Amino acid sequence: MQLSVREVIVSEQAVEDPQAEDEGATLVEPGHNGAAAESGVVGALPVISLPAQFEFNQVDQVHLAGAAAVPAPKLGAIKAFKGTFAGKGFNTIFRPHEPGSDNVLELNLTEETLAFSPSLGSVPNRGMVQADVFLNGIPYLQTISDVTTGVPVGIHAEPGLWMAVPSTVDPAEGQTYTRMASIPHGTTINAQGTAKTITGPPTIPVVDITPFVSSSHQKIPFPSQQAATPSPDRIPQNLSGTGITQAMLDDPNSVLRHHIAGQHIVSTTVIHISTAPHAPLFGGGSDNIAFLLGFPGAPTNPNASGQNAQAVVMHATFWIETVEHTVSVPPIPAPIKAAGGALEVRPEARAAGAPLPTFAIQPPHPDAPHPITVQTKQIQYSQTVILNFNGLSWPHVSVATLVPAHAIPVNHA
């Protein structure tokens with residue numbers, strides 16, 4: 001007998017988000033600066049937390065008659081940034097190398113966690129030419145570990161904010177989004193851009209890690225970019241058995257395309273940001289500590305000698321995908337059924353090594369095994385930072401695919 005496919009509703013957390021836009025299904029997050037965030041923990045991961053009852057708004061309402069609190073602006077494209085996501089990725093970075101040759105290419109297979117805190121509320125920006133505008137945003141904490149050898153080594157920790165910026169007339173810009181981040185090596189970024197939503201999966205372009213001359217963009221390839229040849233100017237020197245392939249070196253975004261091969265992606269929200277956005281956008285930028293710059297004139301003469309590793313510009317694209325999974329729910333084990341507990345299941349893997357979400361099937365449980373369909377969010381990103389040293393520009397590329405880190409409760413419709 002053919003089993004029917006049943007529709008379910010996914011609740012990603014436990015308390016409804018009072019600022020969430022209507023999406024049909026109920027997607028919820030920890031209470032706005034409430035108990036779930038009080039300890040600064042979502043699941044097992046510490047995140048940037050705000051004190052209980054803290055919420056951004058204007059102080060005018062306290063001091064001026066007739067001034068009222070401003071409702072929290074909609075989060076728009078970043079509203080899916082809720083809870084904690086985890087997954088796998090790939091990182092490439094040419095870094096200065098002394099003594100010996102002038103650079104070493106470090107390659108990392110990565111595991112990553114990206115944890116979001118509750119949204120901030122109404123953040124007032126006062127205007128002189130234009131009337132005041134109100135932003136809203138989401139604090140986050142990103143941590144990345146190298147797992148190439150199987151032994152995790154932390155390589156990145158980044159606290160930051162994603163902010164939704166409303167359209168303005170001065171300057172004349174539509175709705176934008178900005179990511180403000182602090183990197184422990186001594187760099188801060190403010191990257192702004194726009195978003196759009198498309199039907200179906202994303203088109204993920206090729207990205208090249210080959211260094212280049214910044215003035216002419218002439219590419220300067222290095223022997224360390226050949227996977228089959230061991231190289232003293234690469235970490236790991238020998239890639240045999242690591243799982244790092246020539247295709248990954250030629251195009252790190254191939255990892256992202258592999259992860260979604262065979263997935264049923266219903267829609268994708270695309271957010272592209274840059275510290276040097278194309279016109280008509282402007283603003284933002286990156287800043288570095290003195291050690292990275294090397295000398296005072298580095299920001300205006302970025303290819304002169306003397307730099308250690310100046311982070312000149314950062315571009316990134318985030319793809320927030322709605323993925324439809326078919327989950328085969330097996331017969332419920334008697335102890336779980338008797339206790340009225342949830343049964344945790346995962347969808348079938350479509351691509352080897354791709355991160356998969358876990359679903360907690362809530363009681364009452366069906367009597368017979370059957371497939372169900374579940375929609376949930378998945379985050380993919382590709383980020384390129386250009387580092388300048390020794391007269392060249394060196395692309396530092398990081399990519400990852402992230403899924404909800406904790407089991408998602410599934411309630412039968």
# chains A, B, ... in the order shown; residues from 1 in each chain; ligands from 1

$ select_by_dssp --residues "region 240-275 of chain A" --states "alpha helix (DSSP H)" --output "ChimeraX atom specification"
/A:246-250,254-260

$ write_last_selection --atoms "N, CA and C atoms" --output "compact mmCIF listing (two decimals), in the first residue's frame"
# COMPACT_ATOMS: atom_id res chain seq x y z
N GLN A 246 41.17 19.37 -5.86
CA GLN A 246 41.52 20.45 -6.77
C GLN A 246 40.31 21.31 -7.10
N ALA A 247 39.14 20.67 -7.21
CA ALA A 247 37.91 21.42 -7.50
C ALA A 247 37.64 22.45 -6.40
N MET A 248 37.92 22.11 -5.14
CA MET A 248 37.71 23.04 -4.04
C MET A 248 38.70 24.19 -4.08
N LEU A 249 39.95 23.91 -4.50
CA LEU A 249 40.93 24.98 -4.63
C LEU A 249 40.61 25.90 -5.81
N ASP A 250 40.13 25.30 -6.90
CA ASP A 250 39.77 26.11 -8.07
C ASP A 250 38.56 26.98 -7.80
N SER A 254 32.25 25.56 -4.93
CA SER A 254 31.81 24.23 -5.34
C SER A 254 31.34 23.41 -4.14
N VAL A 255 31.88 23.72 -2.96
CA VAL A 255 31.43 23.04 -1.73
C VAL A 255 29.96 23.34 -1.47
N LEU A 256 29.56 24.60 -1.66
CA LEU A 256 28.17 24.99 -1.44
C LEU A 256 27.25 24.32 -2.45
N ARG A 257 27.66 24.31 -3.71
CA ARG A 257 26.81 23.69 -4.73
C ARG A 257 26.66 22.19 -4.49
N HIS A 258 27.74 21.56 -4.01
CA HIS A 258 27.66 20.13 -3.67
C HIS A 258 26.66 19.89 -2.54
N HIS A 259 26.70 20.74 -1.52
CA HIS A 259 25.82 20.53 -0.36
C HIS A 259 24.34 20.57 -0.73
N ILE A 260 23.97 21.40 -1.72
CA ILE A 260 22.53 21.53 -2.04
C ILE A 260 22.13 20.69 -3.25

$ closest_atom_pairs --of "region 75-177 of chain A" --to "region 284-308 of chain A" --cutoff "12 Å" --atoms "only C-alpha atoms" --output "JSON lines"
{"residue": "A:Arg95", "atom": "CA", "partner": "A:Asn308", "partner_atom": "CA", "distance": 9.2}
{"residue": "A:Pro96", "atom": "CA", "partner": "A:Asn308", "partner_atom": "CA", "distance": 7.2}
{"residue": "A:His97", "atom": "CA", "partner": "A:Asn308", "partner_atom": "CA", "distance": 10.1}
{"residue": "A:Glu98", "atom": "CA", "partner": "A:Asn308", "partner_atom": "CA", "distance": 10.9}
{"residue": "A:Asp102", "atom": "CA", "partner": "A:Asn308", "partner_atom": "CA", "distance": 10.9}
{"residue": "A:Asn103", "atom": "CA", "partner": "A:Asn308", "partner_atom": "CA", "distance": 11.2}
{"residue": "A:Tyr177", "atom": "CA", "partner": "A:Gly284", "partner_atom": "CA", "distance": 11.3}

$ select_by_dssp --residues "region 177-272 of chain A" --states "strand (DSSP E)" --output "number ranges by chain"
A: 177-183, 187-199, 234-235, 264-272

$ residues_around --residues "Thr203 (chain A)" --least-positions-apart "3" --cutoff "10 Å" --atoms "only C-alpha atoms" --output "list in words"
Gly200, Val206, Arg257, Thr268, Val270 and Trp319 of chain A

$ write_last_selection --atoms "C-alpha atoms" --output "PDB file, in the first residue's frame"
ATOM      1  CA  GLY A 200      13.813  27.987  -6.144  1.00  0.00           C
ATOM      2  CA  VAL A 206      32.482  30.662  -9.128  1.00  0.00           C
ATOM      3  CA  ARG A 257      26.813  23.687  -4.732  1.00  0.00           C
ATOM      4  CA  THR A 268      15.953  31.707  -1.514  1.00  0.00           C
ATOM      5  CA  VAL A 270      19.804  36.536  -1.256  1.00  0.00           C
ATOM      6  CA  TRP A 319      21.662  32.642   0.764  1.00  0.00           C
TER       7      TRP A 319
END

$ closest_residue --among "A:Pro347, A:Gly193, A:Gly186, A:Gly391" --to "Phe318 (chain A)" --atoms "only C-alpha atoms"
A:Gly193

$ residues_around --residues "region 82-90 of chain A" --least-positions-apart "4" --cutoff "6 Å" --atoms "only C-alpha atoms" --output "list of chain:residue names"
A:Glu29, A:Asn108, A:Leu109, A:Thr110, A:Glu111, A:Glu112, A:Thr113, A:Leu114, A:Ala115, A:Phe116, A:Pro355, A:Ser398, A:Val399, A:Ala400, A:Thr401, A:Leu402, A:Val403, A:Pro404, A:Ala405

$ residues_around --residues "region 221-236 of chain A" --least-positions-apart "4" --cutoff "6 Å" --atoms "only C-alpha atoms" --output "list in words"
Val104, Leu105, Glu106, Thr210 and Gln246 of chain A

$ residues_around --residues "Thr194 (chain A)" --least-positions-apart "4" --cutoff "7 Å" --atoms "only C-alpha atoms" --output "PyMOL selection string"
chain A and resi 175-177+271-273

$ residues_around --residues "Ala191 (chain A)" --least-positions-apart "2" --cutoff "10 Å" --atoms "only C-alpha atoms" --output "PDB file with C-alpha atoms, in the first residue's frame"
ATOM      1  CA  TRP A 162      22.992  42.360  11.510  1.00  0.00           C
ATOM      2  CA  TYR A 177      21.045  45.562   5.421  1.00  0.00           C
ATOM      3  CA  THR A 178      24.377  45.899   7.151  1.00  0.00           C
ATOM      4  CA  ARG A 179      26.655  43.525   9.017  1.00  0.00           C
ATOM      5  CA  MET A 180      28.939  45.075  11.619  1.00  0.00           C
ATOM      6  CA  ALA A 181      31.592  42.699  12.946  1.00  0.00           C
ATOM      7  CA  THR A 188      36.405  45.626  12.160  1.00  0.00           C
ATOM      8  CA  ILE A 189      33.990  45.731   9.243  1.00  0.00           C
ATOM      9  CA  GLY A 193      23.968  45.872   0.799  1.00  0.00           C
ATOM     10  CA  HIS A 272      24.778  40.690  -0.783  1.00  0.00           C
ATOM     11  CA  ILE A 273      26.907  43.016   1.342  1.00  0.00           C
ATOM     12  CA  SER A 274      30.245  44.766   0.896  1.00  0.00           C
ATOM     13  CA  THR A 275      32.510  47.155   2.758  1.00  0.00           C
ATOM     14  CA  ALA A 276      32.809  48.976  -0.591  1.00  0.00           C
ATOM     15  CA  PRO A 277      29.345  48.612  -2.157  1.00  0.00           C
ATOM     16  CA  PHE A 282      28.071  54.019  -0.365  1.00  0.00           C
ATOM     17  CA  GLY A 283      29.442  54.011   3.134  1.00  0.00           C
ATOM     18  CA  GLY A 284      30.830  51.260   5.314  1.00  0.00           C
ATOM     19  CA  GLY A 285      34.407  50.083   5.272  1.00  0.00           C
ATOM     20  CA  SER A 286      37.048  48.107   7.142  1.00  0.00           C
ATOM     21  CA  VAL A 313      37.764  45.031   1.516  1.00  0.00           C
ATOM     22  CA  MET A 314      35.187  42.335   2.260  1.00  0.00           C
ATOM     23  CA  HIS A 315      32.362  41.083   0.035  1.00  0.00           C
ATOM     24  CA  ALA A 316      29.869  38.417   1.117  1.00  0.00           C
TER      25      ALA A 316
END

$ decode --residues "region 190-201 of chain A" --atoms "N, CA and C atoms" --output "PDB file, in the first residue's frame"
ATOM      1  N   ASN A 190      32.175  47.109   8.452  1.00  0.00           N
ATOM      2  CA  ASN A 190      30.804  47.580   8.328  1.00  0.00           C
ATOM      3  C   ASN A 190      30.441  47.393   6.857  1.00  0.00           C
ATOM      4  N   ALA A 191      29.668  46.342   6.568  1.00  0.00           N
ATOM      5  CA  ALA A 191      29.362  45.955   5.187  1.00  0.00           C
ATOM      6  C   ALA A 191      27.870  46.098   4.940  1.00  0.00           C
ATOM      7  N   GLN A 192      27.500  46.857   3.911  1.00  0.00           N
ATOM      8  CA  GLN A 192      26.103  47.170   3.638  1.00  0.00           C
ATOM      9  C   GLN A 192      25.713  46.659   2.255  1.00  0.00           C
ATOM     10  N   GLY A 193      24.432  46.342   2.097  1.00  0.00           N
ATOM     11  CA  GLY A 193      23.968  45.872   0.799  1.00  0.00           C
ATOM     12  C   GLY A 193      22.472  45.684   0.774  1.00  0.00           C
ATOM     13  N   THR A 194      22.006  44.966  -0.219  1.00  0.00           N
ATOM     14  CA  THR A 194      20.580  44.798  -0.463  1.00  0.00           C
ATOM     15  C   THR A 194      20.208  43.328  -0.479  1.00  0.00           C
ATOM     16  N   ALA A 195      18.905  43.069  -0.548  1.00  0.00           N
ATOM     17  CA  ALA A 195      18.402  41.700  -0.524  1.00  0.00           C
ATOM     18  C   ALA A 195      17.276  41.539  -1.534  1.00  0.00           C
ATOM     19  N   LYS A 196      17.086  40.311  -1.967  1.00  0.00           N
ATOM     20  CA  LYS A 196      15.967  39.949  -2.831  1.00  0.00           C
ATOM     21  C   LYS A 196      15.593  38.498  -2.549  1.00  0.00           C
ATOM     22  N   THR A 197      14.369  38.141  -2.879  1.00  0.00           N
ATOM     23  CA  THR A 197      13.911  36.760  -2.716  1.00  0.00           C
ATOM     24  C   THR A 197      13.539  36.200  -4.076  1.00  0.00           C
ATOM     25  N   ILE A 198      14.030  34.994  -4.352  1.00  0.00           N
ATOM     26  CA  ILE A 198      13.767  34.339  -5.625  1.00  0.00           C
ATOM     27  C   ILE A 198      13.082  32.998  -5.369  1.00  0.00           C
ATOM     28  N   THR A 199      12.390  32.506  -6.371  1.00  0.00           N
ATOM     29  CA  THR A 199      11.797  31.179  -6.298  1.00  0.00           C
ATOM     30  C   THR A 199      12.851  30.141  -6.636  1.00  0.00           C
ATOM     31  N   GLY A 200      12.894  29.067  -5.860  1.00  0.00           N
ATOM     32  CA  GLY A 200      13.813  27.987  -6.144  1.00  0.00           C
ATOM     33  C   GLY A 200      15.184  28.183  -5.540  1.00  0.00           C
ATOM     34  N   PRO A 201      16.160  27.387  -5.986  1.00  0.00           N
ATOM     35  CA  PRO A 201      17.501  27.431  -5.404  1.00  0.00           C
ATOM     36  C   PRO A 201      18.304  28.608  -5.910  1.00  0.00           C
TER      37      PRO A 201
END
